[in-house]
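Report on the structure given below.
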Amino acid sequence: MRSIPVEPSNERAAIGKRLRAARLAQRITLEEASEATGLSKGFISRVERDLTSISVASLVSYCEVLSLPIGSLFESTETHLVRAGSGPHINLGGTGADERLLSPRTESRVQMVRSVYRPGGDGGPELYTLNSEIEIVHILTGSIALRFSDREVELEAGDTLTFNANEPHSWHAHEVTGAEVLWVIAPSAWSGTS
């Protein structure tokens with residue numbers, strides 16, 4: 001087997017921002033981190049600003065304090081881009097709707113759907129629920145009525161409503177304007193939808 005030469009990069013791994021974000025997310029002060037690791041506050045601050053290098057032993061110690069897997073500091077950030085108009089079409093039911101999935105099909109934590117409703121379009125006569133915890137609907141243009149078993153909520157451009165996805169509901173687009181809507185569902189109700 002022939003070896004493939006690997007040329008080292010002269011760029012230093014910028015791990016400081018990830019360390020700082022992990023510390024702040026856990027509400028650990030520089031002083032607390034210093035006490036737990038034996039490193040000075042100034043040194044930790046310089047490491048978090050990528051102004052100085054940290055030894056492997058000190059990094060392991062700091063990561064243990066933060067309960068942060070050391071390998072996660074070197075992982076590249078995963079991104080998924082969906083260009084305007086290029087999200088896959090999905091059909092969530094109802095009539096008069098052009099719906100596109102904006103989040104990756106494989107994303108299980110959250111789902112984002114952009115729906116364009118023709119005037120008078122609706123989610124059907126029956127109320128439905130989603131196999132999820134929470135839904136957020138944001139109206140970009142036009143207006144819709146969101147119907148629940150005990151009430152109806154009128155939403156206009158700029159309005160955002162958050163509700164339990166297990167609560168039976170449906171929607172109806174305005175008879176004249178229709179609507180363009182963003183739906184956010186968490187966790188994803190349709191992972192792998194085709």
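Going through the structure tokens in order, the chains are called A, B, and so on, while each chain numbers its residues from 1 and the ligands are numbered from 1 in the order shown.
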
Expected answer as a ChimeraX atom specification: alpha helix (DSSP H) residues in segment 8-181 of chain A: /A:16-25,30-37,41-48,56-66

Running DSSP on the backbone, which parts of segment 16-191 of chain A land in strand (DSSP E), as an mmCIF file with C-alpha atoms, in the first residue's frame?
```cif
data_model
loop_
_atom_site.group_PDB
_atom_site.id
_atom_site.type_symbol
_atom_site.label_atom_id
_atom_site.label_comp_id
_atom_site.auth_asym_id
_atom_site.auth_seq_id
_atom_site.Cartn_x
_atom_site.Cartn_y
_atom_site.Cartn_z
ATOM 1 C CA HIS A 89 -41.626 19.899 -2.267
ATOM 2 C CA ILE A 90 -43.500 18.147 0.494
ATOM 3 C CA THR A 95 -55.459 22.123 -0.407
ATOM 4 C CA GLY A 96 -54.052 25.193 -2.128
ATOM 5 C CA ALA A 97 -50.597 24.833 -0.586
ATOM 6 C CA ASP A 98 -47.124 24.827 -2.096
ATOM 7 C CA GLU A 99 -44.854 23.572 0.694
ATOM 8 C CA ARG A 100 -41.095 23.265 0.659
ATOM 9 C CA LEU A 101 -38.821 21.711 3.235
ATOM 10 C CA GLN A 111 -38.068 21.004 10.922
ATOM 11 C CA MET A 112 -38.652 24.200 8.939
ATOM 12 C CA VAL A 113 -41.243 24.399 6.188
ATOM 13 C CA ARG A 114 -42.088 27.352 3.926
ATOM 14 C CA SER A 115 -45.688 27.268 2.808
ATOM 15 C CA VAL A 116 -47.306 29.445 0.148
ATOM 16 C CA TYR A 117 -51.089 29.267 0.477
ATOM 17 C CA ARG A 118 -53.347 30.298 -2.377
ATOM 18 C CA PRO A 119 -56.356 32.419 -1.414
ATOM 19 C CA GLY A 120 -58.846 30.170 0.374
ATOM 20 C CA GLY A 121 -56.400 27.284 0.759
ATOM 21 C CA ASP A 122 -56.853 25.238 3.904
ATOM 22 C CA ILE A 134 -43.944 22.348 19.594
ATOM 23 C CA GLU A 135 -44.977 24.257 16.493
ATOM 24 C CA ILE A 136 -44.172 27.843 15.661
ATOM 25 C CA VAL A 137 -45.902 29.577 12.769
ATOM 26 C CA HIS A 138 -44.690 32.927 11.434
ATOM 27 C CA ILE A 139 -46.679 34.819 8.802
ATOM 28 C CA LEU A 140 -44.462 36.429 6.147
ATOM 29 C CA THR A 141 -47.226 37.836 3.926
ATOM 30 C CA GLY A 142 -51.005 37.702 3.846
ATOM 31 C CA SER A 143 -52.988 36.152 6.674
ATOM 32 C CA ILE A 144 -54.326 32.842 7.941
ATOM 33 C CA ALA A 145 -56.759 31.689 10.579
ATOM 34 C CA LEU A 146 -55.372 28.937 12.801
ATOM 35 C CA ARG A 147 -58.258 26.835 14.099
ATOM 36 C CA PHE A 148 -58.127 24.875 17.353
ATOM 37 C CA GLU A 152 -59.654 30.401 16.168
ATOM 38 C CA VAL A 153 -56.641 32.738 16.013
ATOM 39 C CA GLU A 154 -56.298 35.264 13.166
ATOM 40 C CA LEU A 155 -52.657 35.799 12.159
ATOM 41 C CA GLU A 156 -51.401 38.560 9.858
ATOM 42 C CA THR A 160 -45.865 34.548 15.234
ATOM 43 C CA LEU A 161 -47.759 31.932 17.230
ATOM 44 C CA THR A 162 -46.205 29.139 19.294
ATOM 45 C CA PHE A 163 -48.322 26.188 20.413
ATOM 46 C CA ASN A 164 -48.248 22.522 21.419
ATOM 47 C CA HIS A 169 -55.493 22.297 14.833
ATOM 48 C CA SER A 170 -55.863 23.292 11.190
ATOM 49 C CA TRP A 171 -55.456 26.459 9.117
ATOM 50 C CA HIS A 172 -57.319 28.481 6.525
ATOM 51 C CA ALA A 173 -55.675 31.088 4.253
ATOM 52 C CA ALA A 179 -50.394 33.754 2.717
ATOM 53 C CA GLU A 180 -46.711 32.881 2.850
ATOM 54 C CA VAL A 181 -45.858 31.151 6.112
ATOM 55 C CA LEU A 182 -42.859 29.631 7.907
ATOM 56 C CA TRP A 183 -43.534 26.623 10.125
ATOM 57 C CA VAL A 184 -40.968 25.457 12.664
ATOM 58 C CA ILE A 185 -41.618 22.056 14.253
ATOM 59 C CA ALA A 186 -39.478 20.609 17.031
#
```

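Residues in contact with Asn131 of chain A at 8 Å, where only C-alpha atoms are counted and same-chain residues fewer than 4 positions away are skipped, are listed as Ala165, Asn166 and Ala189 of chain A.
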
How would the residues just chosen look if you wrote them out with N, CA and C atoms as a PDB file, in the first residue's frame?
```pdb
ATOM      1  N   ALA A 165     -47.759  21.054  19.547  1.00  0.00           N
ATOM      2  CA  ALA A 165     -48.058  20.351  18.298  1.00  0.00           C
ATOM      3  C   ALA A 165     -49.073  19.231  18.488  1.00  0.00           C
ATOM      4  N   ASN A 166     -49.277  18.801  19.732  1.00  0.00           N
ATOM      5  CA  ASN A 166     -50.260  17.750  20.022  1.00  0.00           C
ATOM      6  C   ASN A 166     -51.674  18.297  20.161  1.00  0.00           C
ATOM      7  N   ALA A 189     -41.095  16.319  12.827  1.00  0.00           N
ATOM      8  CA  ALA A 189     -42.209  15.371  12.741  1.00  0.00           C
ATOM      9  C   ALA A 189     -42.096  14.506  11.492  1.00  0.00           C
TER      10      ALA A 189
END
```

Contacts of Ser61 of chain A within 10 Å, only C-alpha atoms, excl. fewer than 2 positions in-chain, as number ranges by chain: A: 36-39, 55-59, 63-67, 70

Which residues are close to Thr29 of chain A, i.e. within 12 Å by only C-alpha atoms, leaving aside same-chain residues fewer than 6 positions away? Reply as a CSV table (one decimal) with C-alpha atoms, in the first residue's frame.
```
chain,number,residue,atom,x,y,z
A,20,ARG,CA,-15.5,30.1,25.8
A,21,ALA,CA,-19.0,29.2,24.4
A,22,ALA,CA,-19.0,25.9,26.4
A,23,ARG,CA,-17.9,27.8,29.6
A,35,GLU,CA,-9.9,27.2,40.5
A,36,ALA,CA,-11.0,23.9,38.9
A,41,LYS,CA,-7.7,33.4,34.8
A,44,ILE,CA,-7.7,30.9,30.3
A,45,SER,CA,-8.8,34.2,28.9
A,65,VAL,CA,-14.2,20.8,33.8
A,66,LEU,CA,-16.5,21.8,30.9
```

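Minimum distance to Leu130 of chain A across A:Ala25, A:Ala14, A:Ala157, A:Leu92 (counting only C-alpha atoms) occurs at A:Leu92.
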